[in-house]
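Peer 1: Structure incoming, see below.
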Amino acid sequence: MFTSILNEHKGFGKQIMLLSKNELIKTYKGAVIGPLWAVVKPAFTVFVYWFAFSVGIKKLRDVGVNLGGPESFSIDFFTFMFIGIIPWFFIQDSIVQGSKTLRTNRQFITKVKFPVSTILTYTGLSRLYVHLFLAIIMYGYVVFHRVAGGLPPVSVYDLQFFLYCPLMFMFFLALSWSTAPMAAFSKDFESLIVSVMSGIFWLSGIMYDSYSFKGFLKYAMLVNPINFFANGYRNCFIYNRWFFEYKTEFVIFMVEFVVVFLLGIYNYNRLRKKLPDVL
């Protein structure tokens with residue numbers, strides 16, 4: 001039951017926050033610039049894509065952006081990609097690192113009496129800190145881009161970030177309730193997750209507009225929850241659209257959220273008592 005997970009968190013709020021900070025520090029321990037490496041890697045990735053699409057290919061795709069009125073403008077492909085790839089960095093780490101969490105923190109399970117579900121929470125929070133920092137950089141770029149284009153620097157649509165970001169955190173935290181125990185039982189499952197991530201990237205609307213598909217493929221793309229967040233961030237910052245304008249996409253995601261949430265609770269409660277023996 002979900003109440004068992006809530007009970008495990010009860011009274012551990014301060015420890016979770018402290019451990020989430022320590023997890024971030026531990027990840028980059030021994031590095032001269034420390035946690036800034038969390039920014040260097042995605043910054044390099046963004047630079048590579050910028051160079052490939054803007055300089056190497058010497059071609060920028062234009063993506064039409066409707067301002068919700070008679071006025072419209074086009075956004076360059078780099079900006080389109082940049083806003084979509086920021087949530088991807090968090091999603092990728094949440095899926096890959098989330099599945100490894102229990103194995104890499106086995107000392108809390110085998111040697112210390114510590115609620116297992118809180119391990120998933122504080123490691124997820126450490127990734128969220130990085131995402132929020134990258135989101136601030138992204139928003140600074142968006143504001144600069146708007147001002148350069150003669151548009152107001154801020155928009156009421158930006159507030160939807162506070163819907164999409166918590167939903168993204170909770171969705172992939174709930175996903176880790178299933179994947180982390182399963183990966184602890186089988187390294188093959190962990191290897192499978194790492195292997196398919198590249199394919200998941202290209203099957204998601206990070207580098208292209210999933211709204212542009214027609215027919216069956218258009219609805220098939222809506223089943224991918226990663227599209228929901230990539231589209232959501234773009235709806236916030238470049239499309240100026242409300243989430244409820246895409247009722248089908250939102251309903252499909254919420255159904256998936258409930259399914260992942262319930263499966264996470266089931267798998268966690270089914271496997272958690274066996275974890276100390278396995279690890």
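Identifiers in this document derive from the order of the structure tokens: chains are assigned A, B, ..., residues are numbered from 1 separately in each chain, and ligands are numbered from 1 in order of occurrence.
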Determine which residues of region 43-216 of chain A receive a DSSP assignment of strand (DSSP E), computed from the backbone, and state them as a list in words.
Peer 2: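 Secondary structure check on region 43-216 of chain A, strand (DSSP E): Asp62, Val63, Gly64, Val65, Asn66, Ser72, Phe73, Ser74, Ile75 and Asp76 of chain A.
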Peer 1: Now that the selection is made, can you save its residues with N, CA, C and O atoms as a compact mmCIF listing (two decimals), in the first residue's frame?
Peer 2:
```
# COMPACT_ATOMS: atom_id res chain seq x y z
N ASP A 62 13.08 25.82 -39.23
CA ASP A 62 12.21 26.77 -38.56
C ASP A 62 10.98 26.05 -38.04
O ASP A 62 10.37 25.25 -38.75
N VAL A 63 10.62 26.32 -36.81
CA VAL A 63 9.44 25.73 -36.19
C VAL A 63 8.46 26.85 -35.93
O VAL A 63 8.76 27.78 -35.18
N GLY A 64 7.28 26.82 -36.57
CA GLY A 64 6.31 27.88 -36.38
C GLY A 64 5.80 27.92 -34.96
O GLY A 64 5.44 26.89 -34.41
N VAL A 65 5.76 29.09 -34.38
CA VAL A 65 5.29 29.24 -33.01
C VAL A 65 4.11 30.20 -33.01
O VAL A 65 4.24 31.35 -33.39
N ASN A 66 2.97 29.70 -32.60
CA ASN A 66 1.75 30.50 -32.56
C ASN A 66 1.65 31.21 -31.22
O ASN A 66 1.67 30.57 -30.17
N SER A 72 2.55 35.90 -35.19
CA SER A 72 3.31 34.66 -35.03
C SER A 72 4.76 34.93 -35.41
O SER A 72 5.07 35.92 -36.06
N PHE A 73 5.66 34.05 -35.01
CA PHE A 73 7.05 34.17 -35.38
C PHE A 73 7.64 32.78 -35.47
O PHE A 73 7.02 31.80 -35.07
N SER A 74 8.83 32.67 -36.03
CA SER A 74 9.49 31.38 -36.16
C SER A 74 10.65 31.31 -35.20
O SER A 74 11.34 32.31 -34.95
N ILE A 75 10.86 30.15 -34.65
CA ILE A 75 11.95 29.94 -33.69
C ILE A 75 12.97 29.03 -34.35
O ILE A 75 12.61 28.11 -35.07
N ASP A 76 14.24 29.32 -34.15
CA ASP A 76 15.26 28.50 -34.79
C ASP A 76 15.32 27.12 -34.13
O ASP A 76 14.89 26.94 -32.99
```
Peer 1: Need to verify the contact set: region 244-253 of chain A, 10 Å, only C-alpha atoms, exclusion of same-chain residues closer than 4 positions in sequence. Can you return it as an MDAnalysis selection string?
Peer 2: chainID A and resid 171 219 221:229 231:232 235 257:259
Peer 1: Could I get the residues of region 152-232 of chain A with an atom no further than 9 Å from an atom of region 267-278 of chain A, each paired with its nearest atom pair and that distance in Å to one decimal, using only C-alpha atoms, sorted by chain and residue number, as a Markdown table?
Peer 2:
```
| residue | atom | partner | partner_atom | distance |
| --- | --- | --- | --- | --- |
| A:Trp177 | CA | A:Tyr268 | CA | 5.5 |
| A:Ser178 | CA | A:Asn267 | CA | 5.4 |
| A:Thr179 | CA | A:Asn267 | CA | 8.7 |
| A:Ala180 | CA | A:Tyr268 | CA | 8.7 |
| A:Pro181 | CA | A:Leu271 | CA | 6.4 |
| A:Met182 | CA | A:Leu271 | CA | 8.0 |
| A:Ala184 | CA | A:Val278 | CA | 7.3 |
| A:Phe185 | CA | A:Val278 | CA | 6.4 |
```
Peer 1: Pick out the closest residue to Thr118 (chain A) from this set: A:Leu102, A:Ala220, A:Leu203, A:Val196. Count only C-alpha atoms.
Peer 2: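 The closest residue to Thr118 (chain A) is A:Leu102.
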Peer 1: Fewer than 2 positions away in the same chain doesn't count, so skip those; otherwise give me all residues within 8 Å of Thr101 (chain A), counting only C-alpha atoms, as a list in words.
Peer 2: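 With the cut-off at 8 Å, the set is Gln97, Gly98, Ser99, Arg103, Thr104, Asn105, Ile119, Leu120, Thr123 and Ala180 of chain A.
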Peer 1: Neighbouring residues of His9 (chain A) were defined as those with any atom within 12 Å, considering only C-alpha atoms; residues of the same chain fewer than 6 positions away were excluded. Please report them as a PyMOL selection string.
Peer 2: chain A and resi 2-3+15-17+114-122
